[in-house]
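Written below as structure tokens is the structure these notes are about.
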Amino acid sequence: MTMKPWVWAWAAAGLAFAATVLLTSGRGAGELAYAALSFGAFAAIVGLGQMLVITLGPGNVDLSIPACMTLAGTLSLKAMGTIEGTAFLGLAVALATGLAVGCANFVLIWLLRLPPIIATLAASLIYQSLAIWSNRGLRIKPPEGLADFSTGRFIGVPNLAWIALALAILVWLLLERTIWGRWLLASGQNARAARLAGIPVQVVRAATYLSVAVFAALAGYLLASFSGGAALNMGAEYLLMSIAVVVIGGSSIAGGNSNVPGIIGAALFMFLVVSMLNSYGAGAGIKSVLTGTIIIAIVIAASTRRSRQ
Amino acid sequence: MTDLERTAVVALRDAAKHFGPVKALNGVSLSVAPGECLGLVGHNGAGKSTLVNLVNGSFAPSSGEVTFPGGPEGVRSVFQELSLCPNLTVAENLSIAHSGLKGRGWRRPARAEILASLDTVFPDHGIDPDTEVDQLTIAERQMVEIAIGFAPRGGSAKLVILDEPTSSLDEGIARQLLSHVRAFCAAGGAVIFISHMLGEVFAVTSRIVVLKDGKVVADRPTKDFTRQGLVDAMGHVAAEGTQSTITRIAHGEVVIRAEGLEARRGEVVGLSGLAGHGQAAALARLYLAQTSDWRAGRGARAVFVAGDRPRDGVLPLWSILRNISISVLGRDGKGGFVNTAAERSLAEDWKQRIGIRTNDLTNPILSLSGGNQQKVLFARALASDAEIIVMDDPMRGVDVGTKQDVYAIIRAEAAKGRTFLWYSTETEEVCQCDRVFVFRDSQISAELTDDQITEDRILEASFEMMETS
Amino acid sequence: MLARYRILLPVISLAVLLCLTFWMQPRAMSYFGLNLLFNLAVPIALATIAQMIIIMVNDIDLSLGAFVSLVACVTATWLNDAPLIGVLVLLALILTYAAMGAVIHMLELPAIVVTLGMSFVWGGLALFLLPTPGGASPAWIRTLMTIKPPFIPMAVLAAIIIAALTHLLVIRSKLGTVLRGLGGNTRSIARAGWNVAALKATAYGLSGLFGVLAGMALVGLTTSADANIALRYTLLSIAGVILGGGEFTGGKVSPTGAVIGAMTLTLAASFLSFLRLSPDWQIGAQGAILILVLTARLLFSRKGAAA
């Protein structure tokens, strides 16, 4: 047996962490770990959703994740209106938003038979407008209890990281142990063969597009609570991030093969590499160039390793 | 070098090809002379494809040598799987294979050349060189591919390798091809002809080479072989002219009536007629109507056995085990979870019953040979509780031994009350059915039962219709 | 046959949108009106062609917007200040694109991921070059982009020329035919003796060339550049290719359609501003138009299948 693909993502994350901590000679390691786990959690949650969609096979990807995050964050904060004890109301609004977005995406893909890239792209423009319209430039703060929860810790680990971990375990169980997971993996390898083997392929697709939207909505709700309010561009960086996390994590971009542990390692890595470059005093341009180079290097490393097997 | 080798188009001397520990071809010496039509037979995994790839230069031999005394140009391959660019026109596809056509005004000669070649090989083909290939039927695509193989393309074809060239062609078109091959060889060209249809091999070849386990086990002029002798040499014992000897039994009530077809409980219903006349499409529609895009198949009435394995059947990333169990997860699972113990025992059971050659069911499905992959697809379908089994030409490219195994299983399952709908391009198989529907132009042109089911009647039904239209 | 109908839908959707615009704003029905409406169409059309060439060989380029932005920055700085260095840098960028294509093919990497990574690289380089908006357009590009030919506005004329040239390149020429074949069936191209890595590099190089042209044209119109100037081109170009009747796989593309698709997208933005829609909904309405046109495409393909 050779190494699992996710080892790469975890090793890279460990290296980036070590390199950063080395520079500060150990000081601030705790803060760095806290920040990495918190920010990594958002990337992990949207990454898990994106992974499910990408597993569906070539051409399947959800480009409406940022818009869905923004919309869910905006609507849930508006519903809560800074009133204490409405956290669950807000959560319900966010999840309902996610369900609605997922339904809309899937209807476009299924009824209008649009390629998912185009369907989610076009629909995301509409979600973005909805968010702008409902927000009207106001910045509503989350209820204090919710804000405290989203920045708080449990046994030293950020609450957000626990949530991401729970979701990751859930998705892992789903893929490895349930019939639905088998159906998803089969559909991703060869949708036509899966349909001819009696798998209800459309249900699998629908459930997947609903899941990714719900995951994005949850991430939007948590991010808005964590950062003290919803901003219109708050989801923007998660578009490329969600795809990058899936790929670095070792899931197959061609579908049918997914990798949950890799998603978490990759999410931590994506944050750590940026903070490493920050602590070395790199400018925005260099940070971006290096991030891109590292993504490509990891993909090349993973592919040459695969071909040697 | 002997005289024969000096005048040969291609000569292999002790050529071997190894893929890791697998010896696909294990020391083959062979030469093809101009004017010769060499038949290459052997069952799956015997090394035919590897030999072809050595001759056309796709692979270099691991040891030994492959020489072209007259130079390697003019050696053409027509492959088993369709290998045209579907988004390009017929003429454009020719130009892909003809590097001399370039610069301004390359289209006119391309059009003229492919048309001339099509006219020569398949008179009255009716194919427009400006049609995009994906608008053609499968048979027409195969015709175009063959015509490109024989086209001059800036030189002339010296050796054309035909790998299962008639698999998608109906009898009339296949006959045109065979007579062209004869004419081509008479004019000094050489052909390597690979086919599972032994009748064709006997009809067209001048010499037959039998491969077994990567070695040549027989190499004699065609007239020295008998059909039985050839089958024996390949290593499988098959009865001459396999005719069903099973006594026809009375079947139960009608279980399905769709697409103009009708099938009773315990019946094996054949779909026949010329290839590409709507049989596969009718079966697919019938199957899709019986199952749903939206509901799980807990008690699905029908299951499907694909013939086009890569497109319709195999889940390539998975193990043999998961490929077998995919259709019955819903039945055996509990609360949405996969019952792994039941899954494994089911797969082990079917591995024994259908004879899948592997020592470990967790091996990847792609580690199996084509025939064994096909057995996995049969196991997937038969392991379900479905009463109707839809088969879309499942014996395509399967060796004789596997076929005999599967025929027996089909008969046994039918005797238990299952119904089979079986589309086959091989008349021999259709003759084993209890009832046969002959298709023409996507419509049923004849329904034959019991004693009416003979090769003659089936062909007669298809061709008779053609004359009246 | 269907290939010939593929072009109909883009033409019809552009015509319908144009009629609606004229109906809303009759003054747009003039030389200057048309120039204004399609002003930004030229760089978008060039970028759409760049994306189309990548889609034609079954890949997708998520870095195009960042690349065009980088080219715009190079054009507004080096090409303006030291033309020789500028030209060399732009040539190097095209070669990098070609190399990217070769690497993607030889290491069997997923293009979507490599271009995703490259988008960070291009974006970083652009930031490095032009941290704040600025620079200036070389005078000759400015002149070229603002020429006023008789009868037909520059933007429309340029679109026609681009469509005609790329049609010759992609549909009529032998090279274009082989490249489309690569999208249709890579294995058969390889079997026919073509060097697939070289072909992929050629396709990516051509795409890079059109990306460079798009960036230069953009600077000619805006007269200055910034690192994020064309980020939305990635999605616009993909939408343009699909609106123009192209498909994501199988090498089925239409250069004329792609140019028309790009013009439709440009016109949609102008049309919405004529509608005096609340700014909140401008962006959403673009999405709605996109969905509408693609729905029409569905009806078309159903008809085509029935015929």
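Here, A, B, ... name the chains of the structure tokens in the order displayed, residue numbers run from 1 inside each chain, and ligands are numbered from 1 in the same displayed order.
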
Residues of chain A at most 9 Å from chain B: nearest atom pair and distance in Å, only C-alpha atoms, as a Markdown table:
```
| residue | atom | partner | partner_atom | distance |
| --- | --- | --- | --- | --- |
| A:Leu174 | CA | B:Phe337 | CA | 8.5 |
| A:Glu176 | CA | B:Val338 | CA | 8.9 |
| A:Arg177 | CA | B:Phe337 | CA | 5.7 |
| A:Thr178 | CA | B:Phe337 | CA | 4.0 |
| A:Ile179 | CA | B:Val338 | CA | 5.4 |
| A:Trp180 | CA | B:Gly336 | CA | 7.1 |
| A:Arg182 | CA | B:Ile326 | CA | 7.6 |
| A:Trp183 | CA | B:Ile326 | CA | 7.8 |
| A:Ala186 | CA | B:Leu315 | CA | 6.4 |
| A:Ser187 | CA | B:Leu315 | CA | 8.7 |
| A:Gln189 | CA | B:Leu315 | CA | 5.8 |
| A:Asn190 | CA | B:Leu315 | CA | 6.2 |
| A:Ala191 | CA | B:Asp312 | CA | 8.8 |
| A:Arg192 | CA | B:Asp312 | CA | 5.9 |
| A:Ala193 | CA | B:Asp312 | CA | 4.3 |
| A:Ala194 | CA | B:Gly313 | CA | 7.7 |
| A:Arg195 | CA | B:Asp293 | CA | 7.3 |
| A:Leu196 | CA | B:Phe304 | CA | 6.0 |
| A:Ala197 | CA | B:Ser327 | CA | 5.6 |
| A:Gly198 | CA | B:Gly297 | CA | 5.7 |
| A:Ile199 | CA | B:Ala296 | CA | 6.3 |
| A:Pro200 | CA | B:Asp293 | CA | 4.3 |
| A:Val201 | CA | B:Asp293 | CA | 5.5 |
| A:Gln202 | CA | B:Asp293 | CA | 5.3 |
| A:Val203 | CA | B:Trp294 | CA | 5.2 |
| A:Val204 | CA | B:Trp294 | CA | 8.4 |
| A:Gly256 | CA | B:Leu317 | CA | 7.4 |
| A:Asn257 | CA | B:Leu317 | CA | 7.8 |
```

Provide as a PyMOL selection string the residues of chain C at most 10 Å from chain B, counting only C-alpha atoms.
-> chain C and resi 1-3+171-175+177-194+250-253

Taking only C-alpha atoms into account, report as a count of residues only which residues of chain A lie within 8 Å of chain C.
-> 39

Please provide as a ChimeraX atom specification all residues within 12 Å of stretch 20-27 of chain C, with the sequence filter that same-chain residues fewer than 6 positions apart are discarded (counting only C-alpha atoms).
-> /C:13-14,33-34,36-37,264,267-276

Identify, on the basis of only C-alpha atoms, every residue whose closest approach to B:Ala16 does not exceed 9 Å; exclude the query and any residue fewer than 5 positions from it along the same chain; express the result as a PyMOL selection string.
-> chain B and resi 23-28+51+61-65+214

Restricting the output to C-alpha atoms, write the selected residues as a PDB file, in the first residue's frame.
```pdb
ATOM      1  CA  LYS B  23       3.404 -11.575 -20.858  1.00  0.00           C
ATOM      2  CA  ALA B  24       0.865 -10.310 -23.372  1.00  0.00           C
ATOM      3  CA  LEU B  25       2.862 -11.657 -26.285  1.00  0.00           C
ATOM      4  CA  ASN B  26       5.468 -14.290 -25.670  1.00  0.00           C
ATOM      5  CA  GLY B  27       7.752 -14.745 -28.660  1.00  0.00           C
ATOM      6  CA  VAL B  28       5.870 -14.671 -31.937  1.00  0.00           C
ATOM      7  CA  LEU B  51       0.207  -8.212 -31.881  1.00  0.00           C
ATOM      8  CA  PRO B  61       8.478  -5.014 -28.697  1.00  0.00           C
ATOM      9  CA  SER B  62      10.035  -5.880 -25.312  1.00  0.00           C
ATOM     10  CA  SER B  63      12.318  -8.308 -27.124  1.00  0.00           C
ATOM     11  CA  GLY B  64      12.669  -9.722 -30.629  1.00  0.00           C
ATOM     12  CA  GLU B  65      12.084  -7.522 -33.654  1.00  0.00           C
ATOM     13  CA  GLY B 214       0.620 -14.996 -26.270  1.00  0.00           C
TER      14      GLY B 214
END
```

Two-atom distance - atom CA of B:Arg396, atom CA of B:Leu30 (Å) =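 Here the two named atoms are 27.6 Å from each other.
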
Using only C-alpha atoms, which residues sit within 6 Å of stretch 70-77 of chain C once same-chain residues fewer than 6 positions away are excluded, as a list in words?
-> Ala126, Gly135, Ala136, Ser137, Val212, Gly215, Met216, Val219 and Ala225 of chain C

Pull the helix (DSSP H, G or I) assignments for stretch 111-176 of chain B out of DSSP run on the backbone, and list those residues as a ChimeraX atom specification.
-> /B:111-121,133-135,138-150,171-176

Quick one: distance from atom CA of A:Ala87 to atom CA of A:Leu48 in Å, one decimal?
->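 A separation of 23.6 Å between them.
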
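The closest residue to C:Thr223, picked from C:Ala158, C:Leu17, C:Ala45, C:Met145 and counting only C-alpha atoms, is C:Met145.
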
Compile the contact shell of A:Ala12 as a list in words: residues with an atom at most 10 Å away, counting only C-alpha atoms, same-chain residues fewer than 5 positions apart removed.
-> Val7, Phe17, Ala18, Ile248, Gly265, Ala266, Leu268, Phe269, Met270, Leu272, Val273, Ile294 and Ile298 of chain A

Output N, CA and C atoms for every residue in the selection just made, as a PDB file, in the first residue's frame.
```
ATOM      1  N   VAL A   7      -2.360  12.410   2.735  1.00  0.00           N
ATOM      2  CA  VAL A   7      -1.156  12.644   3.521  1.00  0.00           C
ATOM      3  C   VAL A   7      -0.449  13.900   3.027  1.00  0.00           C
ATOM      4  N   PHE A  17       2.867  25.298   8.971  1.00  0.00           N
ATOM      5  CA  PHE A  17       2.742  25.664  10.379  1.00  0.00           C
ATOM      6  C   PHE A  17       4.130  25.768  11.007  1.00  0.00           C
ATOM      7  N   ALA A  18       4.957  24.759  10.773  1.00  0.00           N
ATOM      8  CA  ALA A  18       6.293  24.737  11.359  1.00  0.00           C
ATOM      9  C   ALA A  18       7.111  25.929  10.882  1.00  0.00           C
ATOM     10  N   ILE A 248      -6.414  19.912  -3.771  1.00  0.00           N
ATOM     11  CA  ILE A 248      -5.235  19.677  -2.940  1.00  0.00           C
ATOM     12  C   ILE A 248      -5.494  18.496  -2.013  1.00  0.00           C
ATOM     13  N   GLY A 265      -7.170  18.758   5.787  1.00  0.00           N
ATOM     14  CA  GLY A 265      -5.755  19.100   5.681  1.00  0.00           C
ATOM     15  C   GLY A 265      -5.548  20.259   4.721  1.00  0.00           C
ATOM     16  N   ALA A 266      -6.233  20.202   3.585  1.00  0.00           N
ATOM     17  CA  ALA A 266      -6.060  21.239   2.573  1.00  0.00           C
ATOM     18  C   ALA A 266      -6.601  22.578   3.054  1.00  0.00           C
ATOM     19  N   LEU A 268      -6.726  23.661   6.176  1.00  0.00           N
ATOM     20  CA  LEU A 268      -5.737  24.207   7.115  1.00  0.00           C
ATOM     21  C   LEU A 268      -4.552  24.767   6.342  1.00  0.00           C
ATOM     22  N   PHE A 269      -4.121  23.990   5.335  1.00  0.00           N
ATOM     23  CA  PHE A 269      -2.950  24.394   4.566  1.00  0.00           C
ATOM     24  C   PHE A 269      -3.175  25.743   3.880  1.00  0.00           C
ATOM     25  N   MET A 270      -4.332  25.891   3.252  1.00  0.00           N
ATOM     26  CA  MET A 270      -4.592  27.123   2.497  1.00  0.00           C
ATOM     27  C   MET A 270      -4.493  28.343   3.406  1.00  0.00           C
ATOM     28  N   LEU A 272      -2.776  28.402   6.408  1.00  0.00           N
ATOM     29  CA  LEU A 272      -1.432  28.473   6.990  1.00  0.00           C
ATOM     30  C   LEU A 272      -0.418  29.038   6.005  1.00  0.00           C
ATOM     31  N   VAL A 273      -0.578  28.705   4.748  1.00  0.00           N
ATOM     32  CA  VAL A 273       0.421  29.168   3.798  1.00  0.00           C
ATOM     33  C   VAL A 273       0.341  30.691   3.673  1.00  0.00           C
ATOM     34  N   ILE A 294       2.147  27.031  -5.348  1.00  0.00           N
ATOM     35  CA  ILE A 294       2.043  25.882  -4.444  1.00  0.00           C
ATOM     36  C   ILE A 294       0.891  24.964  -4.865  1.00  0.00           C
ATOM     37  N   ILE A 298       1.561  21.116  -5.849  1.00  0.00           N
ATOM     38  CA  ILE A 298       0.929  19.984  -5.157  1.00  0.00           C
ATOM     39  C   ILE A 298       0.211  19.080  -6.161  1.00  0.00           C
TER      40      ILE A 298
END
```

Find the residues around B:Gly189 up to 8 Å (only C-alpha atoms counted), leave out those fewer than 5 positions away in its own chain, and share them as a list in words.
->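 Everything that qualifies: Pro34, Gly35, Glu36, Ala157, Lys158, Leu159 and Phe184 of chain B.
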
Could you turn the residues from that selection into a file that holds N, CA and C atoms, as a JSON list (two decimals), in the first residue's frame?
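Generated file (out.json):
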```json
[["chain", "number", "residue", "atom", "x", "y", "z"],
["B", 34, "PRO", "N", 2.75, -9.78, -49.44],
["B", 34, "PRO", "CA", 1.78, -9.06, -50.27],
["B", 34, "PRO", "C", 0.80, -10.04, -50.91],
["B", 35, "GLY", "N", -0.43, -9.65, -51.03],
["B", 35, "GLY", "CA", -1.43, -10.51, -51.65],
["B", 35, "GLY", "C", -2.04, -11.52, -50.71],
["B", 36, "GLU", "N", -1.64, -11.45, -49.44],
["B", 36, "GLU", "CA", -2.10, -12.45, -48.50],
["B", 36, "GLU", "C", -3.16, -11.85, -47.58],
["B", 157, "ALA", "N", -2.26, 1.92, -49.60],
["B", 157, "ALA", "CA", -2.34, 1.00, -48.47],
["B", 157, "ALA", "C", -1.65, -0.31, -48.86],
["B", 158, "LYS", "N", -0.66, -0.70, -48.06],
["B", 158, "LYS", "CA", 0.02, -1.97, -48.35],
["B", 158, "LYS", "C", -0.50, -3.09, -47.45],
["B", 159, "LEU", "N", -0.73, -2.72, -46.18],
["B", 159, "LEU", "CA", -1.22, -3.71, -45.22],
["B", 159, "LEU", "C", -2.32, -3.04, -44.40],
["B", 184, "PHE", "N", -8.72, -6.53, -52.97],
["B", 184, "PHE", "CA", -7.53, -5.79, -52.52],
["B", 184, "PHE", "C", -6.32, -6.72, -52.47]]
```

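Put simply, atom CA of C:Pro149 is 10.1 Å away from atom CA of C:Tyr31.
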
Strand (DSSP E) call set, DSSP backbone run, stretch 204-453 of chain B, as JSON, numbers by chain | {"B": [207, 208, 209, 210, 211, 212, 215, 216, 217, 218, 219, 220, 221, 254, 255, 256, 257, 258, 261, 262, 263, 264, 268, 269, 270, 271, 272, 273, 302, 303, 304, 305, 388, 389, 390, 391, 392, 419, 420, 421, 422, 423, 435, 436, 437, 438, 439, 440, 443, 444, 445, 446, 447, 448, 449]}

Dump C-alpha atoms for the selected residues as a PDB file, in the first residue's frame?
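And here's again_14.pdb as it stands now:
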```
ATOM      1  CA  ARG B 207      -3.995 -18.331 -44.063  1.00  0.00           C
ATOM      2  CA  ILE B 208      -5.009 -18.545 -40.420  1.00  0.00           C
ATOM      3  CA  VAL B 209      -2.825 -17.958 -37.396  1.00  0.00           C
ATOM      4  CA  VAL B 210      -4.187 -19.109 -34.046  1.00  0.00           C
ATOM      5  CA  LEU B 211      -2.923 -17.347 -30.939  1.00  0.00           C
ATOM      6  CA  LYS B 212      -3.160 -18.772 -27.455  1.00  0.00           C
ATOM      7  CA  LYS B 215       1.998 -17.669 -28.605  1.00  0.00           C
ATOM      8  CA  VAL B 216       1.251 -18.933 -32.088  1.00  0.00           C
ATOM      9  CA  VAL B 217      -0.252 -22.413 -31.701  1.00  0.00           C
ATOM     10  CA  ALA B 218      -1.245 -22.993 -35.322  1.00  0.00           C
ATOM     11  CA  ASP B 219      -0.276 -21.339 -38.622  1.00  0.00           C
ATOM     12  CA  ARG B 220      -1.678 -23.053 -41.710  1.00  0.00           C
ATOM     13  CA  PRO B 221      -3.434 -22.246 -44.963  1.00  0.00           C
ATOM     14  CA  VAL B 254     -47.180 -12.266 -20.190  1.00  0.00           C
ATOM     15  CA  VAL B 255     -44.937 -10.204 -17.885  1.00  0.00           C
ATOM     16  CA  ILE B 256     -44.184  -7.309 -20.137  1.00  0.00           C
ATOM     17  CA  ARG B 257     -45.695  -5.753 -23.195  1.00  0.00           C
ATOM     18  CA  ALA B 258     -43.871  -2.658 -24.428  1.00  0.00           C
ATOM     19  CA  LEU B 261     -42.496  -6.619 -27.734  1.00  0.00           C
ATOM     20  CA  GLU B 262     -44.156  -9.227 -25.636  1.00  0.00           C
ATOM     21  CA  ALA B 263     -42.502 -11.620 -23.219  1.00  0.00           C
ATOM     22  CA  ARG B 264     -43.802 -14.331 -20.932  1.00  0.00           C
ATOM     23  CA  VAL B 268     -35.930 -16.033 -23.544  1.00  0.00           C
ATOM     24  CA  VAL B 269     -36.956 -13.468 -26.119  1.00  0.00           C
ATOM     25  CA  GLY B 270     -34.488 -12.549 -28.842  1.00  0.00           C
ATOM     26  CA  LEU B 271     -34.256  -9.281 -30.748  1.00  0.00           C
ATOM     27  CA  SER B 272     -32.699  -9.657 -34.132  1.00  0.00           C
ATOM     28  CA  GLY B 273     -32.437  -8.062 -37.512  1.00  0.00           C
ATOM     29  CA  ALA B 302     -36.004  -5.058 -14.668  1.00  0.00           C
ATOM     30  CA  VAL B 303     -32.214  -5.071 -14.767  1.00  0.00           C
ATOM     31  CA  PHE B 304     -29.895  -4.281 -17.640  1.00  0.00           C
ATOM     32  CA  VAL B 305     -26.824  -6.099 -18.933  1.00  0.00           C
ATOM     33  CA  ILE B 388     -36.989  -9.183 -16.393  1.00  0.00           C
ATOM     34  CA  ILE B 389     -33.403  -9.151 -17.608  1.00  0.00           C
ATOM     35  CA  VAL B 390     -32.647  -6.861 -20.525  1.00  0.00           C
ATOM     36  CA  MET B 391     -29.485  -7.682 -22.481  1.00  0.00           C
ATOM     37  CA  ASP B 392     -28.045  -5.308 -25.062  1.00  0.00           C
ATOM     38  CA  THR B 419     -37.661 -13.492 -18.442  1.00  0.00           C
ATOM     39  CA  PHE B 420     -34.832 -12.483 -20.763  1.00  0.00           C
ATOM     40  CA  LEU B 421     -34.968  -9.865 -23.499  1.00  0.00           C
ATOM     41  CA  TRP B 422     -31.855 -10.462 -25.525  1.00  0.00           C
ATOM     42  CA  TYR B 423     -30.621  -8.349 -28.393  1.00  0.00           C
ATOM     43  CA  ARG B 435     -39.307 -16.227 -29.405  1.00  0.00           C
ATOM     44  CA  VAL B 436     -37.622 -13.787 -31.761  1.00  0.00           C
ATOM     45  CA  PHE B 437     -38.614 -10.323 -32.880  1.00  0.00           C
ATOM     46  CA  VAL B 438     -36.904  -9.201 -36.054  1.00  0.00           C
ATOM     47  CA  PHE B 439     -36.364  -5.451 -36.358  1.00  0.00           C
ATOM     48  CA  ARG B 440     -36.096  -3.331 -39.418  1.00  0.00           C
ATOM     49  CA  GLN B 443     -39.941  -1.432 -36.305  1.00  0.00           C
ATOM     50  CA  ILE B 444     -40.733  -5.042 -35.710  1.00  0.00           C
ATOM     51  CA  SER B 445     -40.928  -6.773 -39.064  1.00  0.00           C
ATOM     52  CA  ALA B 446     -41.524 -10.325 -37.882  1.00  0.00           C
ATOM     53  CA  GLU B 447     -42.252 -12.358 -34.792  1.00  0.00           C
ATOM     54  CA  LEU B 448     -40.954 -15.922 -34.893  1.00  0.00           C
ATOM     55  CA  THR B 449     -41.580 -18.713 -32.436  1.00  0.00           C
TER      56      THR B 449
END
```

Looking at A:Thr70, A:Ser225, A:Thr120, A:Thr20, which one is nearest to A:Gly90, with distances taken over only C-alpha atoms?
-> A:Ser225
